[in-house]
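Printed here is structure_27.txt (compact mmCIF, C-alpha atoms):
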```txt
# COMPACT_ATOMS: atom_id res chain seq x y z
CA MET A 21 -70.21 21.14 -17.13
CA ASN A 22 -68.08 23.86 -18.65
CA SER A 23 -67.48 25.48 -15.31
CA VAL A 24 -66.16 22.16 -13.96
CA VAL A 25 -63.68 21.89 -16.82
CA ALA A 26 -62.62 25.52 -16.42
CA THR A 27 -62.20 25.14 -12.65
CA ASN A 28 -60.03 22.09 -13.08
CA ILE A 29 -57.83 23.68 -15.73
CA ALA A 30 -57.37 26.75 -13.54
CA ARG A 31 -56.66 24.55 -10.53
CA PHE A 32 -54.10 22.52 -12.49
CA ILE A 33 -52.11 25.58 -13.57
CA ALA A 34 -52.41 27.36 -10.24
CA LEU A 35 -51.32 24.33 -8.22
CA VAL A 36 -48.28 23.63 -10.42
CA LEU A 37 -47.14 27.25 -10.22
CA VAL A 38 -47.71 27.54 -6.47
CA GLN A 39 -45.92 24.24 -5.92
CA VAL A 40 -42.80 25.03 -7.91
CA LEU A 41 -42.50 28.70 -6.99
CA VAL A 42 -43.49 28.68 -3.33
CA PHE A 43 -43.82 25.27 -1.71
CA ASN A 44 -40.67 23.76 -3.24
CA HIS A 45 -38.63 26.40 -1.46
CA ILE A 46 -39.99 26.14 2.06
CA ASN A 47 -37.39 23.58 3.23
CA PHE A 48 -38.71 23.54 6.78
CA LEU A 49 -35.99 22.16 9.09
CA GLY A 50 -33.75 21.75 6.06
CA TYR A 51 -35.63 19.21 3.98
CA ILE A 52 -39.40 19.14 4.67
CA ASN A 53 -41.50 20.42 1.79
CA PRO A 54 -45.25 20.06 1.36
CA TYR A 55 -46.42 18.75 -2.00
CA ILE A 56 -49.79 20.41 -2.25
CA TYR A 57 -50.24 19.86 -5.99
CA ILE A 58 -51.91 16.53 -5.15
CA LEU A 59 -54.94 18.62 -4.17
CA PHE A 60 -55.80 18.40 -7.86
CA ILE A 61 -56.04 14.61 -7.56
CA ILE A 62 -57.85 14.84 -4.22
CA LEU A 63 -60.48 17.30 -5.43
CA TYR A 64 -61.03 15.95 -8.95
CA PRO A 65 -64.74 15.18 -9.46
CA VAL A 66 -65.71 11.68 -8.34
CA LYS A 67 -67.82 10.96 -11.39
CA ASN A 68 -65.20 11.13 -14.08
CA ASN A 69 -63.67 9.62 -17.12
CA ARG A 70 -61.08 7.48 -15.42
CA THR A 71 -58.72 7.23 -18.39
CA LEU A 72 -58.60 11.00 -18.72
CA PHE A 73 -58.10 11.36 -14.97
CA ILE A 74 -55.08 9.04 -14.93
CA PHE A 75 -53.61 10.85 -17.90
CA LEU A 76 -54.14 14.26 -16.29
CA ALA A 77 -52.46 13.07 -13.09
CA PHE A 78 -49.47 11.94 -15.12
CA LEU A 79 -49.32 15.33 -16.83
CA LEU A 80 -49.53 17.10 -13.47
CA GLY A 81 -46.64 15.10 -12.04
CA LEU A 82 -44.59 15.59 -15.18
CA CYS A 83 -45.06 19.36 -15.02
CA VAL A 84 -43.77 19.42 -11.43
CA ASP A 85 -40.91 17.12 -12.47
CA ILE A 86 -39.83 19.41 -15.29
CA PHE A 87 -39.69 22.37 -12.95
CA SER A 88 -37.89 20.59 -10.14
CA ASP A 89 -35.51 18.47 -12.30
CA SER A 90 -36.44 15.23 -10.61
CA GLY A 91 -36.72 12.80 -13.53
CA GLY A 92 -40.13 11.17 -13.29
CA VAL A 93 -40.69 10.71 -9.57
CA HIS A 94 -43.64 13.09 -9.22
CA ALA A 95 -45.26 11.66 -12.36
CA ALA A 96 -44.93 8.09 -11.07
CA ALA A 97 -46.33 8.96 -7.63
CA SER A 98 -49.24 10.99 -9.03
CA VAL A 99 -50.26 8.43 -11.61
CA SER A 100 -50.27 5.63 -9.00
CA VAL A 101 -52.35 7.67 -6.58
CA ALA A 102 -54.79 8.58 -9.34
CA PHE A 103 -55.12 4.92 -10.28
CA LEU A 104 -55.67 3.90 -6.65
CA ARG A 105 -58.08 6.72 -5.80
CA PRO A 106 -61.32 4.70 -6.25
CA GLY A 107 -59.96 2.32 -3.61
CA PHE A 108 -59.38 5.15 -1.16
CA LEU A 109 -62.81 6.60 -1.84
CA LYS A 110 -64.41 3.19 -1.29
CA SER A 111 -62.64 2.57 2.00
CA VAL A 112 -63.45 6.00 3.39
CA PHE A 113 -66.92 6.78 2.06
CA GLY A 114 -68.27 3.24 1.75
CA ALA A 115 -68.78 0.98 -1.25
CA LEU A 116 -71.65 3.01 -2.61
CA TYR A 117 -69.74 6.25 -2.92
CA GLU A 118 -70.39 6.42 -6.64
CA HIS A 119 -74.12 6.64 -6.17
CA GLN A 120 -74.02 9.34 -3.59
CA THR A 121 -72.98 12.71 -4.89
CA ILE A 122 -69.91 13.45 -2.83
CA LYS A 123 -69.11 17.12 -2.72
CA PHE A 124 -65.82 17.80 -1.04
CA SER A 125 -67.12 21.08 0.28
CA ASN A 126 -69.80 19.57 2.49
CA ILE A 127 -68.42 16.31 3.87
CA ASP A 128 -67.51 15.87 7.52
CA ILE A 129 -64.04 16.67 8.71
CA VAL A 130 -63.17 13.11 9.83
CA PRO A 131 -63.65 11.26 6.52
CA LYS A 132 -62.13 14.22 4.72
CA VAL A 133 -58.98 14.12 6.83
CA SER A 134 -58.61 10.35 6.59
CA TYR A 135 -59.14 10.43 2.81
CA ILE A 136 -56.53 13.16 2.35
CA ALA A 137 -54.15 11.42 4.76
CA PHE A 138 -54.39 8.04 2.98
CA LEU A 139 -53.74 9.58 -0.40
CA THR A 140 -50.91 11.78 0.81
CA VAL A 141 -49.01 9.06 2.63
CA VAL A 142 -49.14 6.68 -0.35
CA HIS A 143 -48.12 9.45 -2.73
CA HIS A 144 -45.22 10.58 -0.57
CA PHE A 145 -44.00 7.05 0.03
CA ILE A 146 -43.80 6.32 -3.70
CA LEU A 147 -42.28 9.74 -4.32
CA PHE A 148 -39.47 9.42 -1.79
CA SER A 149 -38.67 5.78 -2.48
CA LEU A 150 -38.16 6.64 -6.14
CA GLU A 151 -36.31 9.84 -5.37
CA ILE A 152 -33.83 8.24 -2.98
CA PHE A 153 -33.86 4.92 -4.85
CA ASN A 154 -31.78 3.06 -2.35
CA PHE A 155 -33.00 0.19 -0.17
CA SER A 156 -30.34 0.77 2.45
CA LYS A 157 -31.80 4.22 3.12
CA ILE A 158 -35.32 3.00 3.91
CA ILE A 159 -35.23 4.86 7.24
CA LEU A 160 -34.60 8.14 5.43
CA VAL A 161 -37.52 7.35 3.10
CA ALA A 162 -39.82 6.67 6.06
CA GLN A 163 -38.66 9.78 7.87
CA LYS A 164 -39.16 12.03 4.86
CA THR A 165 -42.54 10.44 4.12
CA LEU A 166 -43.76 10.96 7.66
CA PHE A 167 -42.72 14.57 8.13
CA SER A 168 -43.60 15.78 4.66
CA SER A 169 -46.97 14.00 4.86
CA ILE A 170 -47.88 15.77 8.09
CA PHE A 171 -46.97 19.09 6.52
CA THR A 172 -48.85 18.34 3.28
CA ILE A 173 -51.98 17.12 5.09
CA ILE A 174 -52.18 20.22 7.27
CA ILE A 175 -51.74 22.59 4.34
CA CYS A 176 -54.17 20.66 2.11
CA ILE A 177 -56.88 20.81 4.79
CA LEU A 178 -56.25 24.50 5.39
CA VAL A 179 -56.46 25.21 1.67
CA THR A 180 -59.70 23.24 1.27
CA ILE A 181 -61.23 25.09 4.22
CA ILE A 182 -60.10 28.51 3.04
CA PHE A 183 -61.17 28.05 -0.58
CA THR A 184 -64.59 26.50 0.06
CA ARG A 185 -67.54 28.60 -0.99
CA LYS A 186 -69.92 29.08 1.88
CA SER A 187 -73.39 27.87 1.10
CA MET B 19 -58.40 -11.41 -31.76
CA GLN B 20 -61.78 -10.33 -30.50
CA GLN B 21 -60.79 -11.50 -27.05
CA ILE B 22 -57.56 -9.58 -27.08
CA ILE B 23 -59.37 -6.39 -28.07
CA ASN B 24 -61.98 -7.03 -25.40
CA PHE B 25 -59.27 -7.55 -22.84
CA ILE B 26 -57.60 -4.30 -23.82
CA ILE B 27 -60.87 -2.39 -23.67
CA ARG B 28 -61.80 -3.90 -20.33
CA ASN B 29 -58.44 -3.17 -18.74
CA LYS B 30 -57.67 0.05 -20.54
CA ASN B 31 -57.32 2.04 -17.33
CA PHE B 32 -54.92 -0.44 -15.82
CA LEU B 33 -52.89 -0.67 -19.03
CA LEU B 34 -52.75 3.11 -19.31
CA PHE B 35 -51.63 3.33 -15.69
CA LEU B 36 -48.97 0.71 -16.31
CA LEU B 37 -47.72 2.48 -19.43
CA LEU B 38 -47.50 5.88 -17.75
CA PHE B 39 -45.92 4.42 -14.64
CA ILE B 40 -43.26 2.66 -16.71
CA ILE B 41 -42.55 5.88 -18.63
CA SER B 42 -42.05 7.82 -15.42
CA PHE B 43 -40.02 4.99 -13.94
CA ILE B 44 -37.68 5.04 -16.94
CA LEU B 45 -37.33 8.81 -16.61
CA THR B 46 -36.51 8.34 -12.93
CA VAL B 47 -33.88 5.70 -13.60
CA GLN B 48 -32.35 7.87 -16.30
CA SER B 49 -32.20 10.81 -13.92
CA HIS B 50 -30.12 8.76 -11.51
CA SER B 51 -27.22 8.45 -13.91
CA PHE B 52 -24.83 11.35 -14.11
CA HIS B 53 -25.73 12.58 -17.55
CA ARG B 54 -29.42 12.80 -17.16
CA SER B 55 -32.33 12.67 -19.48
CA LYS B 56 -32.36 15.53 -21.90
CA PHE B 57 -36.15 15.70 -22.07
CA ILE B 58 -37.05 16.39 -18.48
CA SER B 59 -35.02 19.45 -17.68
CA SER B 60 -35.96 22.81 -16.24
CA ALA B 61 -33.49 24.44 -18.63
CA ASN B 62 -36.18 24.88 -21.28
CA PHE B 63 -37.59 28.21 -22.28
CA LEU B 64 -40.91 27.85 -20.41
CA SER B 65 -39.74 26.80 -16.94
CA GLY B 66 -36.50 28.73 -17.30
CA GLY B 67 -38.46 31.81 -18.30
CA ILE B 68 -40.85 31.47 -15.36
CA TYR B 69 -37.99 31.00 -12.91
CA ASN B 70 -36.16 33.93 -14.45
CA SER B 71 -39.08 36.33 -14.15
CA VAL B 72 -39.69 35.32 -10.54
CA HIS B 73 -35.98 35.74 -9.86
CA ASN B 74 -36.11 39.25 -11.33
CA ILE B 75 -38.51 40.18 -8.55
CA SER B 76 -37.04 38.21 -5.68
CA GLN B 77 -33.43 39.25 -6.28
CA TYR B 78 -34.19 42.62 -4.67
CA LEU B 79 -34.79 40.88 -1.37
CA ASP B 80 -31.18 39.81 -0.85
CA LEU B 81 -29.32 42.73 -2.39
CA LYS B 82 -27.82 43.49 0.99
CA THR B 83 -26.12 40.10 1.43
CA GLU B 84 -25.03 40.12 -2.21
CA ASN B 85 -23.38 43.50 -1.71
CA LYS B 86 -21.61 42.21 1.35
CA ILE B 87 -20.26 39.21 -0.57
CA LEU B 88 -19.06 41.48 -3.38
CA ILE B 89 -17.30 43.80 -0.93
CA GLU B 90 -15.59 40.84 0.72
CA GLU B 91 -14.38 39.63 -2.66
CA ASN B 92 -13.19 43.11 -3.65
CA TYR B 93 -11.34 43.37 -0.36
CA LYS B 94 -9.60 40.07 -1.01
CA LEU B 95 -8.64 41.03 -4.55
CA ARG B 96 -7.43 44.49 -3.46
CA ASN B 97 -5.27 42.87 -0.81
CA LEU B 98 -3.72 40.73 -3.51
CA LEU B 99 -3.21 43.68 -5.82
CA PHE B 100 -1.55 46.12 -3.42
CA ASN B 101 0.41 43.72 -1.26
CA GLN B 102 2.46 42.31 -4.10
CA THR B 103 6.20 42.61 -3.68
CA GLU B 104 7.80 45.38 -5.66
CA ASN B 105 9.65 42.96 -7.88
CA ASN B 106 6.40 41.89 -9.38
CA LEU B 107 5.14 45.40 -9.79
CA ASP B 108 7.99 46.89 -11.78
CA SER B 109 8.38 44.08 -14.25
CA VAL B 110 5.09 44.07 -16.04
CA ILE B 111 4.93 41.68 -18.93
CA VAL B 112 3.40 43.36 -21.94
CA ASP B 113 3.76 40.71 -24.58
CA SER B 114 0.47 38.87 -24.62
CA SER B 115 2.00 35.79 -26.21
CA PHE B 116 3.64 35.00 -22.87
CA TYR B 117 0.30 34.53 -21.25
CA SER B 118 -1.41 31.29 -21.90
CA LYS B 119 -4.97 31.80 -20.85
CA GLU B 120 -6.29 28.58 -19.48
CA PHE B 121 -9.62 29.36 -17.88
CA LYS B 122 -12.37 31.69 -18.95
CA PHE B 123 -14.91 32.96 -16.42
CA THR B 124 -18.45 34.04 -17.25
CA PRO B 125 -20.55 35.74 -14.58
CA ALA B 126 -24.11 34.45 -14.18
CA SER B 127 -27.03 34.58 -11.75
CA LEU B 128 -28.56 31.59 -10.10
CA ILE B 129 -32.29 31.62 -10.78
CA LYS B 130 -33.29 28.38 -9.09
CA ASN B 131 -31.69 26.85 -6.03
CA SER B 132 -32.37 23.52 -4.38
CA PHE B 133 -30.69 21.72 -1.50
CA SER B 134 -33.27 19.54 0.21
CA SER B 135 -33.47 16.48 -2.04
CA THR B 136 -30.77 13.87 -2.60
CA ASN B 137 -29.93 14.96 -6.14
CA ASN B 138 -30.06 18.71 -6.22
CA SER B 139 -29.81 20.71 -9.39
CA LEU B 140 -29.66 24.45 -9.90
CA LEU B 141 -30.47 26.70 -12.82
CA VAL B 142 -28.36 29.63 -14.07
CA ASP B 143 -29.37 32.32 -16.53
CA LYS B 144 -26.62 31.76 -19.09
CA GLY B 145 -26.95 29.25 -21.92
CA GLU B 146 -25.64 28.20 -25.30
CA LYS B 147 -25.95 31.67 -26.75
CA ASP B 148 -23.46 32.88 -24.11
CA GLY B 149 -21.07 30.08 -25.03
CA VAL B 150 -21.91 27.85 -22.07
CA LYS B 151 -21.70 24.13 -22.73
CA GLU B 152 -21.96 20.85 -20.86
CA ASP B 153 -19.23 20.01 -18.32
CA PHE B 154 -18.32 23.59 -17.50
CA GLY B 155 -17.70 24.23 -13.81
CA VAL B 156 -19.65 26.65 -11.62
CA ILE B 157 -18.09 28.46 -8.64
CA THR B 158 -18.72 31.47 -6.42
CA SER B 159 -16.21 33.80 -4.86
CA LYS B 160 -16.23 31.56 -1.78
CA GLY B 161 -16.05 28.13 -3.32
CA LEU B 162 -17.37 25.32 -5.42
CA ILE B 163 -20.98 24.97 -6.63
CA GLY B 164 -21.19 22.24 -9.26
CA ILE B 165 -20.95 21.19 -12.89
CA ILE B 166 -23.23 22.08 -15.80
CA ASP B 167 -24.97 19.03 -17.24
CA ASN B 168 -27.64 20.37 -19.57
CA THR B 169 -28.01 23.58 -21.53
CA SER B 170 -30.71 25.28 -23.53
CA ASN B 171 -30.48 28.44 -25.56
CA SER B 172 -30.42 30.84 -22.63
CA TYR B 173 -30.42 28.68 -19.46
CA SER B 174 -28.29 25.86 -18.10
CA ARG B 175 -28.78 23.27 -15.41
CA VAL B 176 -26.08 22.64 -12.84
CA VAL B 177 -25.56 19.40 -10.90
CA SER B 178 -24.85 20.74 -7.42
CA ILE B 179 -22.07 19.26 -5.30
CA LEU B 180 -25.01 18.43 -3.03
CA SER B 181 -25.90 15.54 -5.29
CA THR B 182 -25.14 11.88 -4.69
CA LYS B 183 -24.03 11.59 -8.31
CA SER B 184 -21.44 14.33 -8.31
CA LYS B 185 -17.80 13.27 -8.04
CA ILE B 186 -15.15 15.96 -8.04
CA ASN B 187 -11.41 15.69 -7.57
CA ALA B 188 -10.23 17.52 -4.44
CA GLN B 189 -7.07 17.68 -2.38
CA LEU B 190 -5.68 18.98 0.90
CA LYS B 191 -4.32 22.49 0.69
CA LYS B 192 -1.12 21.88 2.63
CA THR B 193 -0.06 18.69 0.88
CA ASN B 194 -0.93 17.25 -2.50
CA HIS B 195 -2.83 14.21 -1.25
CA PHE B 196 -6.02 14.00 -3.23
CA GLY B 197 -9.36 12.23 -3.03
CA THR B 198 -12.87 12.27 -4.44
CA LEU B 199 -15.48 14.71 -3.22
CA LEU B 200 -18.87 13.06 -2.68
CA TRP B 201 -22.07 13.82 -0.82
CA ASN B 202 -23.97 11.29 1.30
CA GLY B 203 -27.25 13.19 1.20
CA ASP B 204 -27.51 14.05 4.89
CA SER B 205 -26.66 17.65 5.60
CA HIS B 206 -26.42 20.53 3.15
CA GLU B 207 -23.41 21.94 5.00
CA ILE B 208 -21.23 18.83 5.06
CA VAL B 209 -19.73 16.96 2.10
CA GLN B 210 -17.41 13.95 2.17
CA LEU B 211 -13.90 13.49 0.83
CA MET B 212 -13.12 9.83 0.17
CA ASP B 213 -10.06 7.86 -0.88
CA VAL B 214 -7.45 10.06 0.75
CA PRO B 215 -4.51 7.73 1.50
CA LYS B 216 -3.87 7.00 5.16
CA ILE B 217 -0.37 8.41 4.97
CA ALA B 218 -1.70 11.95 4.46
CA PRO B 219 -1.37 14.24 7.50
CA VAL B 220 -5.07 15.02 7.98
CA GLN B 221 -6.03 17.36 10.78
CA ILE B 222 -9.31 18.93 11.88
CA GLY B 223 -9.51 22.48 10.57
CA ASP B 224 -7.41 21.88 7.47
CA THR B 225 -8.57 23.49 4.23
CA VAL B 226 -9.61 21.41 1.23
CA ILE B 227 -9.29 22.79 -2.31
CA THR B 228 -9.99 21.45 -5.79
CA GLY B 229 -7.19 19.36 -7.22
CA GLY B 230 -5.89 20.13 -10.68
CA ARG B 231 -6.62 16.64 -11.92
CA SER B 232 -10.06 17.26 -13.32
CA THR B 233 -10.41 18.98 -16.66
CA ILE B 234 -13.28 21.09 -15.33
CA PHE B 235 -11.99 23.17 -12.43
CA PRO B 236 -8.70 25.00 -12.06
CA LYS B 237 -6.58 23.91 -9.11
CA GLY B 238 -6.98 25.75 -5.86
CA ILE B 239 -10.65 26.68 -5.63
CA TYR B 240 -11.62 26.61 -1.99
CA ILE B 241 -14.14 23.98 -0.86
CA GLY B 242 -14.25 23.86 2.93
CA THR B 243 -12.57 22.88 6.18
CA ILE B 244 -12.25 19.44 7.74
CA THR B 245 -14.61 18.90 10.67
CA SER B 246 -14.02 15.21 11.38
CA PHE B 247 -12.34 12.19 9.82
CA GLN B 248 -12.07 8.46 10.26
CA VAL B 249 -10.31 5.51 8.65
CA ASP B 250 -12.53 3.36 6.42
CA ASN B 251 -13.26 -0.33 6.94
CA ALA B 252 -10.31 -1.53 4.90
CA GLU B 253 -8.06 0.77 6.98
CA ASP B 254 -6.32 2.18 3.93
CA PHE B 255 -8.10 5.43 3.29
CA TYR B 256 -9.56 8.33 5.23
CA GLU B 257 -13.21 9.31 5.06
CA ILE B 258 -13.26 13.02 5.77
CA ASN B 259 -16.22 15.28 6.54
CA ILE B 260 -15.85 18.77 5.16
CA LYS B 261 -17.83 21.83 6.12
CA LEU B 262 -18.42 23.93 3.01
CA PHE B 263 -17.34 27.57 2.84
CA ASN B 264 -20.37 28.27 0.67
CA ASP B 265 -23.77 28.56 2.27
CA MET B 266 -25.54 26.40 -0.31
CA THR B 267 -28.93 27.74 0.77
CA ASN B 268 -28.06 31.29 -0.18
CA ILE B 269 -26.31 31.69 -3.52
CA GLY B 270 -26.81 34.70 -5.73
CA HIS B 271 -24.13 35.33 -8.32
CA VAL B 272 -21.86 32.63 -9.67
CA TYR B 273 -19.04 32.29 -12.18
CA ILE B 274 -19.06 29.70 -14.94
CA VAL B 275 -15.57 28.29 -15.57
CA GLU B 276 -14.53 27.15 -19.00
CA ASN B 277 -11.29 25.26 -19.44
CA LEU B 278 -9.92 26.54 -22.75
CA LYS B 279 -7.38 23.74 -23.00
CA ILE B 280 -9.81 20.91 -22.45
CA LYS B 281 -9.40 19.54 -25.99
CA GLU B 282 -5.64 19.44 -25.65
CA LEU B 283 -5.90 17.68 -22.28
CA ILE B 284 -8.37 15.09 -23.54
CA ASN B 285 -6.26 14.43 -26.63
CA LEU B 286 -3.23 13.92 -24.45
CA GLU B 287 -4.98 11.44 -22.19
CA LYS B 288 -6.24 9.26 -25.05
```
Produce structure tokens that represent the structure in this file.
Amino acid sequence: MNSVVATNIARFIALVLVQVLVFNHINFLGYINPYIYILFIILYPVKNNRTLFIFLAFLLGLCVDIFSDSGGVHAAASVSVAFLRPGFLKSVFGALYEHQTIKFSNIDIVPKVSYIAFLTVVHHFILFSLEIFNFSKIILVAQKTLFSSIFTIIICILVTIIFTRKS
Amino acid sequence: MQQIINFIIRNKNFLLFLLLFIISFILTVQSHSFHRSKFISSANFLSGGIYNSVHNISQYLDLKTENKILIEENYKLRNLLFNQTENNLDSVIVDSSFYSKEFKFTPASLIKNSFSSTNNSLLVDKGEKDGVKEDFGVITSKGLIGIIDNTSNSYSRVVSILSTKSKINAQLKKTNHFGTLLWNGDSHEIVQLMDVPKIAPVQIGDTVITGGRSTIFPKGIYIGTITSFQVDNAEDFYEINIKLFNDMTNIGHVYIVENLKIKELINLEK
């Protein structure tokens, strides 16, 4: 139990720092940045205290917001994704996901990719609609969501593959 | 009562989500007004300190370009110094009471840059303890950067001109027709100059400088050159696209501008 808490604390700090110091400055093609800090939400244990999880997601987003001076857009996106996560899990792994012990290290690649993709697209859509905050620029929102999502998904999958312990 | 408590306990996750979402939404809305929330700012000692220590390492990577920029600026200043007409040179004014110093410049380093979102803000390593306050201007040797909107003890946050909220008075260099400098959020090289009257002789390639009408910037700081222009829908004003002299993706050292006569000016305008 303690190792789970320690891992998650370490992951929280590491992801925030990596996000604000490295991935916020990639600016691929001028504006495309991956937001890999949502890996914390993706990889958080399935059997959890949901209240705590939502609160932690809020804290995570707020930390990124403070560093990137963006008001509360990351916090809003993260907290919504954390709240909706059981829905994503249910639709990808079936209704009985809570009774199986899902370990993200040993699930197949297809459900893993679709789970990460679902979560990322929703997160990025909320993020960019709040950041741009202008209905007349919905095309820009969609464009940013699409390209950044592709980038985020690829990097998230690479990171999960690289950092998985081999059994 | 029992039912209300039961309801709260049953839906505590949803209510917590709603509460946190509303908090972050309020912070977002606040951040879209020009003077932003004072709570969520990277100009605090933790994030400022982290950015500063990373900057201490990464600044070595672009020493070469920084040197080049400094040499260019020195060259320009030397040209000014030695090409003055002799009349100016032999009549040096010694009495300091003749000078009225209007603007004070403080050198600073940029420790966080950003240009990819729609409201970009930067961080510089000078704060209240160096005398930097809100509404001071920030420039480089090449041109305009932005306006300071939040300060902590040793860091300050700058609203970049690449921000949809920033509005700065600017004018054509060859005539005194002025307009408002805005950014539409598309390209980090191009900003827009609005509300220039149609009578102004606008041409592609003309230089745009800051107008003296704001209390923040001195008149005559270079901004960019005109790349294209069109008449707006009402056919009264030009909408002009300006290519910036500054490469906003690569800024090292900046100057913070303080207008020493700002109180006098504001009193006069009351």
Within 9 Å of chain B, which residues of chain A show up when using all atoms listed in the file, listed as a tab-separated table (two decimals) with C-alpha atoms, keeping the file's coordinate frame?
```
chain	number	residue	atom	x	y	z
A	41	LEU	CA	-42.50	28.70	-6.99
A	44	ASN	CA	-40.67	23.76	-3.24
A	45	HIS	CA	-38.63	26.40	-1.46
A	47	ASN	CA	-37.39	23.58	3.23
A	50	GLY	CA	-33.75	21.75	6.06
A	51	TYR	CA	-35.63	19.21	3.98
A	52	ILE	CA	-39.40	19.14	4.67
A	53	ASN	CA	-41.50	20.42	1.79
A	70	ARG	CA	-61.08	7.48	-15.42
A	71	THR	CA	-58.72	7.23	-18.39
A	74	ILE	CA	-55.08	9.04	-14.93
A	75	PHE	CA	-53.61	10.85	-17.90
A	78	PHE	CA	-49.47	11.94	-15.12
A	82	LEU	CA	-44.59	15.59	-15.18
A	85	ASP	CA	-40.91	17.12	-12.47
A	86	ILE	CA	-39.83	19.41	-15.29
A	87	PHE	CA	-39.69	22.37	-12.95
A	88	SER	CA	-37.89	20.59	-10.14
A	89	ASP	CA	-35.51	18.47	-12.30
A	90	SER	CA	-36.44	15.23	-10.61
A	91	GLY	CA	-36.72	12.80	-13.53
A	92	GLY	CA	-40.13	11.17	-13.29
A	93	VAL	CA	-40.69	10.71	-9.57
A	94	HIS	CA	-43.64	13.09	-9.22
A	95	ALA	CA	-45.26	11.66	-12.36
A	96	ALA	CA	-44.93	8.09	-11.07
A	97	ALA	CA	-46.33	8.96	-7.63
A	99	VAL	CA	-50.26	8.43	-11.61
A	100	SER	CA	-50.27	5.63	-9.00
A	102	ALA	CA	-54.79	8.58	-9.34
A	103	PHE	CA	-55.12	4.92	-10.28
A	150	LEU	CA	-38.16	6.64	-6.14
A	151	GLU	CA	-36.31	9.84	-5.37
A	152	ILE	CA	-33.83	8.24	-2.98
A	153	PHE	CA	-33.86	4.92	-4.85
```
Legend entry - One-decimal distance in Å that lies between CA of Ile222 (chain B) and CA of Lys191 (chain B):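 It comes out at 12.8 Å.
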Inset, instruction - One decimal, Å: what's the distance from CA of Val24 (chain A) over to CA of Leu37 (chain B), could you say? - result: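 One can read the CA of Val24 (chain A) to CA of Leu37 (chain B) distance as 27.5 Å.
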Legend entry - Point-to-point distance in Å for CA of Met212 (chain B) and CA of Ile258 (chain B):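 The value is 6.4 Å.
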For the point (-47.0, 16.7, 3.3) in the file's frame, write as a CSV table (one decimal) with C-alpha atoms, in the coordinates of the input all residues with an atom no more than 12 Å away, counting all atoms listed in the file.
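Wrote it out as part_32.csv, contents follow:
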```
chain,number,residue,atom,x,y,z
A,39,GLN,CA,-45.9,24.2,-5.9
A,43,PHE,CA,-43.8,25.3,-1.7
A,44,ASN,CA,-40.7,23.8,-3.2
A,46,ILE,CA,-40.0,26.1,2.1
A,47,ASN,CA,-37.4,23.6,3.2
A,48,PHE,CA,-38.7,23.5,6.8
A,51,TYR,CA,-35.6,19.2,4.0
A,52,ILE,CA,-39.4,19.1,4.7
A,53,ASN,CA,-41.5,20.4,1.8
A,54,PRO,CA,-45.2,20.1,1.4
A,55,TYR,CA,-46.4,18.8,-2.0
A,56,ILE,CA,-49.8,20.4,-2.2
A,57,TYR,CA,-50.2,19.9,-6.0
A,58,ILE,CA,-51.9,16.5,-5.2
A,59,LEU,CA,-54.9,18.6,-4.2
A,136,ILE,CA,-56.5,13.2,2.4
A,137,ALA,CA,-54.2,11.4,4.8
A,138,PHE,CA,-54.4,8.0,3.0
A,139,LEU,CA,-53.7,9.6,-0.4
A,140,THR,CA,-50.9,11.8,0.8
A,141,VAL,CA,-49.0,9.1,2.6
A,142,VAL,CA,-49.1,6.7,-0.4
A,143,HIS,CA,-48.1,9.4,-2.7
A,144,HIS,CA,-45.2,10.6,-0.6
A,145,PHE,CA,-44.0,7.0,0.0
A,147,LEU,CA,-42.3,9.7,-4.3
A,148,PHE,CA,-39.5,9.4,-1.8
A,163,GLN,CA,-38.7,9.8,7.9
A,164,LYS,CA,-39.2,12.0,4.9
A,165,THR,CA,-42.5,10.4,4.1
A,166,LEU,CA,-43.8,11.0,7.7
A,167,PHE,CA,-42.7,14.6,8.1
A,168,SER,CA,-43.6,15.8,4.7
A,169,SER,CA,-47.0,14.0,4.9
A,170,ILE,CA,-47.9,15.8,8.1
A,171,PHE,CA,-47.0,19.1,6.5
A,172,THR,CA,-48.8,18.3,3.3
A,173,ILE,CA,-52.0,17.1,5.1
A,174,ILE,CA,-52.2,20.2,7.3
A,175,ILE,CA,-51.7,22.6,4.3
A,176,CYS,CA,-54.2,20.7,2.1
A,177,ILE,CA,-56.9,20.8,4.8
```
Inset, instruction - Return the single residue from B:Ile269, B:Val275, B:Ile165, B:Ile208 that is closest to Pro236 (chain B), with distances computed using all atoms listed in the file. - result: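 Looking at the shortest contact to Pro236 (chain B), the residue is B:Val275.
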Inset, instruction - Go through B:Glu91, B:Ser71, B:Ile22, B:Gly238 and flag the residue nearest Thr158 (chain B), using all atoms listed in the file for the distances. - result: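 The shortest atom-to-atom distance to Thr158 (chain B) comes from B:Glu91.
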Please enclose the listed atoms of region 228-235 of chain B in an axis-aligned box, pad each side by 5 Å, and write out the centre and the three edge lengths in Å, rounded to one decimal, as lines of an AutoDock Vina configuration file.
```
center_x = -9.6
center_y = 19.9
center_z = -11.2
size_x = 17.4
size_y = 16.5
size_z = 20.9
```
Legend entry - Counting all atoms listed in the file, the residue of B:Asn168, B:Asn97, B:Gln210, B:Thr124 that sits nearest Val226 (chain B):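 Checking each candidate against Val226 (chain B), we get B:Gln210 as the closest.
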Inset, instruction - For a cut-off of 12 Å around (-62.7, 3.6, 7.8), file coordinates, pick out all residues using all atoms listed in the file and list them as a ChimeraX atom specification. - result: /A:107-115,130-135,137-138
Inset, instruction - Tell me which of A:Leu72, A:Leu63, A:Ile129, A:Ile159 sits closest to Thr27 (chain A), counting all atoms listed in the file. - result: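 Answer, going by the shortest atom-to-atom distance: A:Leu63.
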